[in-house]
>>> print(open('entry-v4.cif').read())   # mmCIF, C-alpha atoms
data_start
loop_
_atom_site.label_atom_id
_atom_site.label_comp_id
_atom_site.auth_asym_id
_atom_site.auth_seq_id
_atom_site.Cartn_x
_atom_site.Cartn_y
_atom_site.Cartn_z
CA MET I 1 12.83 5.74 2.79
CA GLN I 2 15.40 5.21 5.46
CA PHE I 3 15.49 1.75 6.95
CA PHE I 4 15.34 3.08 10.52
CA ILE I 5 12.05 4.89 9.87
CA TYR I 6 10.73 1.86 8.02
CA PHE I 7 11.68 -0.35 10.98
CA LEU I 8 9.98 1.97 13.48
CA VAL I 9 6.77 2.08 11.44
CA SER I 10 6.76 -1.72 11.19
CA ALA I 11 7.24 -2.01 14.96
CA ILE I 12 4.43 0.47 15.61
CA SER I 13 2.17 -1.46 13.23
CA PHE I 14 2.98 -4.62 15.14
CA LEU I 15 2.02 -2.90 18.42
CA GLY I 16 -1.62 -3.30 17.43
CA LEU I 17 -1.27 -6.78 18.93
CA ALA I 18 -0.18 -5.27 22.25
CA PHE I 19 -3.22 -3.03 22.35
CA GLY I 20 -5.41 -6.01 21.50
CA ILE I 21 -3.87 -7.91 24.42
CA ILE I 22 -4.67 -5.01 26.72
CA ILE I 23 -8.25 -4.98 25.45
CA ALA I 24 -8.47 -8.73 26.04
CA PHE I 25 -7.64 -8.29 29.71
CA ILE I 26 -9.64 -5.12 30.32
CA ALA I 27 -12.85 -6.36 28.73
CA LYS I 28 -12.87 -10.13 29.33
CA ASP I 29 -16.63 -10.39 29.72
CA GLU I 30 -17.41 -8.33 26.63
CA LEU I 31 -15.15 -10.42 24.39
CA LYS I 32 -17.57 -13.34 24.37
CA GLN I 33 -20.39 -11.13 23.18
CA GLY I 34 -18.23 -9.24 20.71
CA LYS I 35 -16.44 -12.20 19.13
CA LYS I 36 -18.44 -12.03 15.90
CA TYR I 37 -17.77 -8.29 15.64
CA PHE I 38 -14.04 -8.78 16.11
CA ILE I 39 -14.01 -11.44 13.39
CA THR I 40 -15.96 -9.14 11.08
CA LEU I 41 -13.52 -6.33 11.84
CA GLN I 42 -10.57 -8.59 11.04
CA ASN I 43 -12.09 -9.59 7.72
CA ALA I 44 -12.96 -6.01 6.82
CA ILE I 45 -9.45 -4.76 7.56
CA VAL I 46 -7.80 -7.47 5.45
CA ALA I 47 -10.22 -6.83 2.60
CA LEU I 48 -9.58 -3.08 2.84
CA SER I 49 -5.81 -3.66 2.83
CA VAL I 50 -6.03 -5.58 -0.42
CA GLY I 51 -8.52 -3.07 -1.82
CA VAL I 52 -6.24 -0.14 -1.01
CA LEU I 53 -3.33 -2.02 -2.58
CA ALA I 54 -5.31 -2.53 -5.77
CA TYR I 55 -6.54 1.06 -5.78
CA PHE I 56 -3.06 2.55 -5.43
CA TYR I 57 -1.89 0.46 -8.35
CA LYS I 58 -4.58 2.14 -10.47
CA ILE I 59 -6.76 -0.91 -10.98
CA ASP I 60 -10.31 -0.13 -12.11
CA LEU I 61 -12.46 1.02 -9.19
CA TYR I 62 -15.27 -1.43 -9.96
CA PHE I 63 -12.83 -4.32 -9.89
CA VAL I 64 -11.36 -3.02 -6.61
CA VAL I 65 -14.80 -2.94 -4.99
CA ILE I 66 -15.66 -6.43 -6.27
CA LEU I 67 -12.27 -7.79 -5.15
CA THR I 68 -12.62 -6.21 -1.70
CA LEU I 69 -16.10 -7.62 -1.20
CA LEU I 70 -15.04 -11.02 -2.50
CA ILE I 71 -12.11 -11.20 -0.08
CA PHE I 72 -14.33 -10.06 2.78
CA PHE I 73 -16.92 -12.77 2.16
CA VAL I 74 -14.32 -15.50 1.55
CA LEU I 75 -12.65 -14.64 4.85
CA PHE I 76 -16.04 -14.49 6.52
CA TYR I 77 -16.66 -18.14 5.64
CA ILE I 78 -13.25 -19.20 6.92
CA GLU I 79 -14.25 -19.36 10.57
CA ASN I 80 -10.85 -20.24 11.99
CA VAL I 81 -9.78 -17.62 14.53
CA LYS I 82 -6.14 -18.57 13.98
CA LYS I 83 -6.17 -17.52 10.31
CA SER I 84 -4.17 -14.48 11.41
CA TYR I 85 -1.06 -16.69 11.53
CA VAL I 86 -1.27 -16.80 7.73
CA ILE I 87 -2.69 -13.32 7.14
CA TYR I 88 -0.07 -11.42 9.14
CA PRO I 89 2.84 -12.58 6.92
CA LEU I 90 0.76 -11.67 3.86
CA LEU I 91 0.20 -8.23 5.36
CA ALA I 92 3.98 -7.98 5.69
CA PHE I 93 4.30 -8.19 1.91
CA ILE I 94 1.61 -5.54 1.46
CA PHE I 95 3.46 -3.37 3.99
CA TYR I 96 6.69 -3.70 2.01
CA ILE I 97 5.01 -3.01 -1.32
CA SER I 98 3.35 0.10 0.13
CA SER I 99 6.60 1.61 1.36
CA GLY I 100 7.26 3.27 -1.98
CA ILE I 101 4.31 5.69 -1.79
CA THR I 102 4.03 7.68 1.44
CA SER I 103 0.26 8.08 1.57
CA PHE I 104 -0.23 4.42 0.67
CA PHE I 105 2.33 3.44 3.30
CA VAL I 106 0.52 5.38 6.01
CA VAL I 107 -2.86 3.83 5.17
CA GLU I 108 -1.49 0.28 5.11
CA SER I 109 0.45 0.79 8.34
CA VAL I 110 -2.66 2.00 10.13
CA LEU I 111 -4.73 -0.90 8.76
CA ILE I 112 -2.14 -3.41 9.98
CA PHE I 113 -2.07 -1.71 13.37
CA LEU I 114 -5.87 -1.90 13.54
CA TYR I 115 -5.78 -5.56 12.48
CA GLY I 116 -3.81 -6.34 15.63
CA PHE I 117 -6.60 -5.19 17.95
CA PRO I 118 -9.20 -7.86 17.14
CA THR I 119 -6.55 -10.47 16.39
CA ALA I 120 -4.98 -10.37 19.83
CA ALA I 121 -8.32 -9.88 21.55
CA LEU I 122 -9.60 -13.10 19.97
CA LEU I 123 -6.50 -15.18 20.67
CA VAL I 124 -5.54 -14.16 24.22
CA ARG I 125 -7.51 -15.84 26.99
CA LYS I 126 -4.90 -16.28 29.73
CA ARG I 127 -1.58 -14.66 30.57
CA LYS I 128 0.38 -17.56 29.07
CA ASP I 129 -1.30 -16.89 25.70
CA ILE I 130 0.46 -13.53 25.40
CA ILE I 131 3.87 -14.99 24.57
CA TYR I 132 2.29 -17.56 22.28
CA VAL I 133 0.39 -14.91 20.30
CA ILE I 134 3.41 -12.64 19.97
CA LEU I 135 5.71 -15.49 18.92
CA LYS I 136 3.21 -16.76 16.34
CA HIS I 137 3.01 -13.28 14.77
CA ILE I 138 6.75 -12.49 14.86
CA PRO I 139 7.12 -13.66 11.22
CA PHE I 140 5.45 -10.36 10.30
CA LEU I 141 8.36 -8.39 11.75
CA ILE I 142 10.94 -10.76 10.29
CA ILE I 143 9.47 -10.64 6.77
CA VAL I 144 8.79 -6.90 6.85
CA ASN I 145 12.32 -6.03 7.90
CA PHE I 146 14.04 -8.67 5.80
CA LEU I 147 12.45 -7.65 2.47
CA PRO I 148 14.06 -4.17 2.23
CA LEU I 149 17.43 -5.71 2.90
CA VAL I 150 17.03 -8.27 0.12
CA PHE I 151 15.15 -6.03 -2.36
CA PRO I 152 16.37 -2.46 -1.70
#
>>> encode(input="entry-v4.cif", output="structure tokens")
Amino acid sequence: MQFFIYFLVSAISFLGLAFGIIIAFIAKDELKQGKKYFITLQNAIVALSVGVLAYFYKIDLYFVVILTLLIFFVLFYIENVKKSYVIYPLLAFIFYISSGITSFFVVESVLIFLYGFPTAALLVRKRKDIIYVILKHIPFLIIVNFLPLVFP
């Protein structure tokens, strides 16, 4: 895969945060009520990302389901909203690993894009939070675009 296309897909995946920021400002009142749903959505997307990774590497389907559910429930009990600062760089590694198989790459890219919606919606409260959220998640772009240069 050409690096330029890879870079564009990584940037588009990162734009999920921008859409989450827009949602945070459009639906301020609904965010308080929907906080638990956004957290559940975050956990489900991360669990699905790992599950899809395991499935594409031909791991037994029963193990994939158990692993996905285990990750979902472990993340569910970690109630820190700022866990995305750790999860986003981990998603960068999954993104890089997925780049070898086109269908896998598309699924993981979409899941990372979708992860940005609830992440930004949960973290942005005021206008000054926008820069903070983007800067805290920039390691995703750095890691994603550095890995193909180091491990072609």
>>> resolve_selection(input="entry-v4.cif", expression="the PyMOL selection byres ((chain I and resi 76) around 12)", output="mmCIF file with C-alpha atoms, in the frame of the given file")
data_model
loop_
_atom_site.group_PDB
_atom_site.id
_atom_site.type_symbol
_atom_site.label_atom_id
_atom_site.label_comp_id
_atom_site.auth_asym_id
_atom_site.auth_seq_id
_atom_site.Cartn_x
_atom_site.Cartn_y
_atom_site.Cartn_z
ATOM 1 C CA LYS I 36 -18.440 -12.030 15.900
ATOM 2 C CA TYR I 37 -17.770 -8.290 15.640
ATOM 3 C CA PHE I 38 -14.040 -8.780 16.110
ATOM 4 C CA ILE I 39 -14.010 -11.440 13.390
ATOM 5 C CA THR I 40 -15.960 -9.140 11.080
ATOM 6 C CA LEU I 41 -13.520 -6.330 11.840
ATOM 7 C CA GLN I 42 -10.570 -8.590 11.040
ATOM 8 C CA ASN I 43 -12.090 -9.590 7.720
ATOM 9 C CA ALA I 44 -12.960 -6.010 6.820
ATOM 10 C CA ILE I 45 -9.450 -4.760 7.560
ATOM 11 C CA VAL I 46 -7.800 -7.470 5.450
ATOM 12 C CA ALA I 47 -10.220 -6.830 2.600
ATOM 13 C CA LEU I 69 -16.100 -7.620 -1.200
ATOM 14 C CA LEU I 70 -15.040 -11.020 -2.500
ATOM 15 C CA ILE I 71 -12.110 -11.200 -0.080
ATOM 16 C CA PHE I 72 -14.330 -10.060 2.780
ATOM 17 C CA PHE I 73 -16.920 -12.770 2.160
ATOM 18 C CA VAL I 74 -14.320 -15.500 1.550
ATOM 19 C CA LEU I 75 -12.650 -14.640 4.850
ATOM 20 C CA TYR I 77 -16.660 -18.140 5.640
ATOM 21 C CA ILE I 78 -13.250 -19.200 6.920
ATOM 22 C CA GLU I 79 -14.250 -19.360 10.570
ATOM 23 C CA ASN I 80 -10.850 -20.240 11.990
ATOM 24 C CA VAL I 81 -9.780 -17.620 14.530
ATOM 25 C CA LYS I 83 -6.170 -17.520 10.310
#
>>> resolve_selection(input="entry-v4.cif", expression="the PyMOL selection byres ((chain I and resi 16-23) around 9)", output="list of chain:residue names")
I:Ile12, I:Ser13, I:Phe14, I:Leu15, I:Ala24, I:Phe25, I:Ile26, I:Ala27, I:Lys28, I:Leu31, I:Ile112, I:Phe113, I:Leu114, I:Tyr115, I:Gly116, I:Phe117, I:Pro118, I:Thr119, I:Ala120, I:Ala121, I:Leu122, I:Leu123, I:Val124, I:Ile130, I:Val133, I:Ile134, I:His137
>>> atom_distance(input="entry-v4.cif", atom1="atom CA of I:Tyr6", atom2="atom CA of I:Pro148")
9.0 Å
>>> atom_distance(input="entry-v4.cif", atom1="atom CA of I:Lys32", atom2="atom CA of I:Phe140")
27.1 Å
>>> closest_residue(input="entry-v4.cif", among="I:Ile97, I:Val110, I:Val50, I:Val86", to="I:Pro139", atoms="all atoms listed in the file")
I:Val86
>>> decode(input="entry-v4.cif", residues="stretch 20-132 of chain I", atoms="C-alpha atoms", output="short mmCIF file (atom, residue, chain, number, x, y, z; two decimals), in the first residue's frame")
data_model
loop_
_atom_site.label_atom_id
_atom_site.label_comp_id
_atom_site.auth_asym_id
_atom_site.auth_seq_id
_atom_site.Cartn_x
_atom_site.Cartn_y
_atom_site.Cartn_z
CA GLY I 20 -17.18 13.97 18.18
CA ILE I 21 -16.25 17.57 18.98
CA ILE I 22 -19.03 18.78 16.71
CA ILE I 23 -21.48 16.46 18.46
CA ALA I 24 -20.29 17.76 21.83
CA PHE I 25 -21.23 21.32 20.87
CA ILE I 26 -24.45 20.53 19.02
CA ALA I 27 -25.93 18.30 21.72
CA LYS I 28 -24.57 19.69 25.00
CA ASP I 29 -27.68 18.90 27.01
CA GLU I 30 -28.00 15.34 25.72
CA LEU I 31 -24.40 14.47 26.58
CA LYS I 32 -25.12 14.33 30.29
CA GLN I 33 -27.91 11.84 29.75
CA GLY I 34 -25.99 9.83 27.17
CA LYS I 35 -22.65 9.61 28.98
CA LYS I 36 -23.10 5.96 29.94
CA TYR I 37 -24.05 5.11 26.34
CA PHE I 38 -20.97 6.84 24.98
CA ILE I 39 -18.76 4.94 27.42
CA THR I 40 -20.44 1.68 26.44
CA LEU I 41 -19.93 2.53 22.77
CA GLN I 42 -16.24 3.25 23.38
CA ASN I 43 -15.77 -0.07 25.13
CA ALA I 44 -17.66 -1.97 22.45
CA ILE I 45 -15.60 -0.44 19.64
CA VAL I 46 -12.29 -1.25 21.32
CA ALA I 47 -13.43 -4.80 22.05
CA LEU I 48 -14.59 -5.20 18.45
CA SER I 49 -11.26 -3.87 17.15
CA VAL I 50 -9.37 -6.50 19.09
CA GLY I 51 -11.92 -9.15 18.14
CA VAL I 52 -11.62 -8.32 14.45
CA LEU I 53 -7.83 -8.42 14.78
CA ALA I 54 -7.99 -11.88 16.31
CA TYR I 55 -10.53 -13.08 13.75
CA PHE I 56 -8.45 -11.97 10.76
CA TYR I 57 -5.47 -13.82 12.17
CA LYS I 58 -7.56 -17.00 12.08
CA ILE I 59 -7.85 -17.50 15.82
CA ASP I 60 -10.64 -19.85 16.88
CA LEU I 61 -14.02 -18.11 16.77
CA TYR I 62 -14.98 -19.18 20.30
CA PHE I 63 -11.78 -17.68 21.65
CA VAL I 64 -12.41 -14.49 19.67
CA VAL I 65 -15.88 -14.12 21.17
CA ILE I 66 -14.60 -14.79 24.70
CA LEU I 67 -11.69 -12.37 24.22
CA THR I 68 -13.98 -9.66 22.85
CA LEU I 69 -16.43 -10.01 25.73
CA LEU I 70 -13.60 -10.10 28.26
CA ILE I 71 -12.08 -6.90 26.91
CA PHE I 72 -15.49 -5.23 26.83
CA PHE I 73 -16.21 -6.03 30.48
CA VAL I 74 -12.69 -5.15 31.67
CA LEU I 75 -12.97 -1.77 29.97
CA PHE I 76 -16.46 -1.36 31.38
CA TYR I 77 -15.07 -1.55 34.91
CA ILE I 78 -12.33 0.96 34.16
CA GLU I 79 -14.49 4.03 34.61
CA ASN I 80 -11.89 6.63 33.69
CA VAL I 81 -13.12 8.72 30.78
CA LYS I 82 -9.52 9.61 29.89
CA LYS I 83 -8.57 5.98 29.14
CA SER I 84 -8.65 6.97 25.48
CA TYR I 85 -5.22 8.56 25.93
CA VAL I 86 -3.87 5.02 26.29
CA ILE I 87 -6.28 3.25 23.95
CA TYR I 88 -5.72 5.51 20.94
CA PRO I 89 -1.99 4.66 20.67
CA LEU I 90 -2.89 0.97 21.00
CA LEU I 91 -5.39 1.41 18.18
CA ALA I 92 -2.52 2.87 16.14
CA PHE I 93 -0.71 -0.46 16.35
CA ILE I 94 -3.86 -2.33 15.32
CA PHE I 95 -4.25 0.11 12.42
CA TYR I 96 -0.70 -0.59 11.25
CA ILE I 97 -1.08 -4.35 11.60
CA SER I 98 -4.32 -4.25 9.61
CA SER I 99 -2.79 -2.40 6.67
CA GLY I 100 -1.65 -5.64 5.05
CA ILE I 101 -5.17 -6.95 4.33
CA THR I 102 -7.49 -4.51 2.57
CA SER I 103 -10.80 -5.68 4.01
CA PHE I 104 -9.30 -5.86 7.50
CA PHE I 105 -7.80 -2.40 7.02
CA VAL I 106 -11.16 -0.91 6.05
CA VAL I 107 -12.94 -2.43 9.07
CA GLU I 108 -10.29 -1.26 11.53
CA SER I 109 -10.17 2.23 10.01
CA VAL I 110 -13.92 2.60 10.36
CA LEU I 111 -13.85 1.32 13.95
CA ILE I 112 -11.14 3.83 14.86
CA PHE I 113 -13.12 6.60 13.18
CA LEU I 114 -16.21 5.58 15.16
CA TYR I 115 -14.18 5.44 18.37
CA GLY I 116 -13.45 9.15 17.97
CA PHE I 117 -17.13 10.14 18.19
CA PRO I 118 -17.80 9.15 21.81
CA THR I 119 -14.24 9.89 22.87
CA ALA I 120 -14.33 13.54 21.88
CA ALA I 121 -17.94 13.94 22.97
CA LEU I 122 -17.00 12.78 26.47
CA LEU I 123 -13.85 14.89 26.79
CA VAL I 124 -14.88 18.24 25.27
CA ARG I 125 -16.86 20.53 27.56
CA LYS I 126 -15.60 23.99 26.57
CA ARG I 127 -13.90 25.47 23.53
CA LYS I 128 -10.49 25.36 25.21
CA ASP I 129 -10.83 21.57 25.58
CA ILE I 130 -10.71 21.12 21.80
CA ILE I 131 -6.97 21.77 21.49
CA TYR I 132 -6.28 19.72 24.61
#
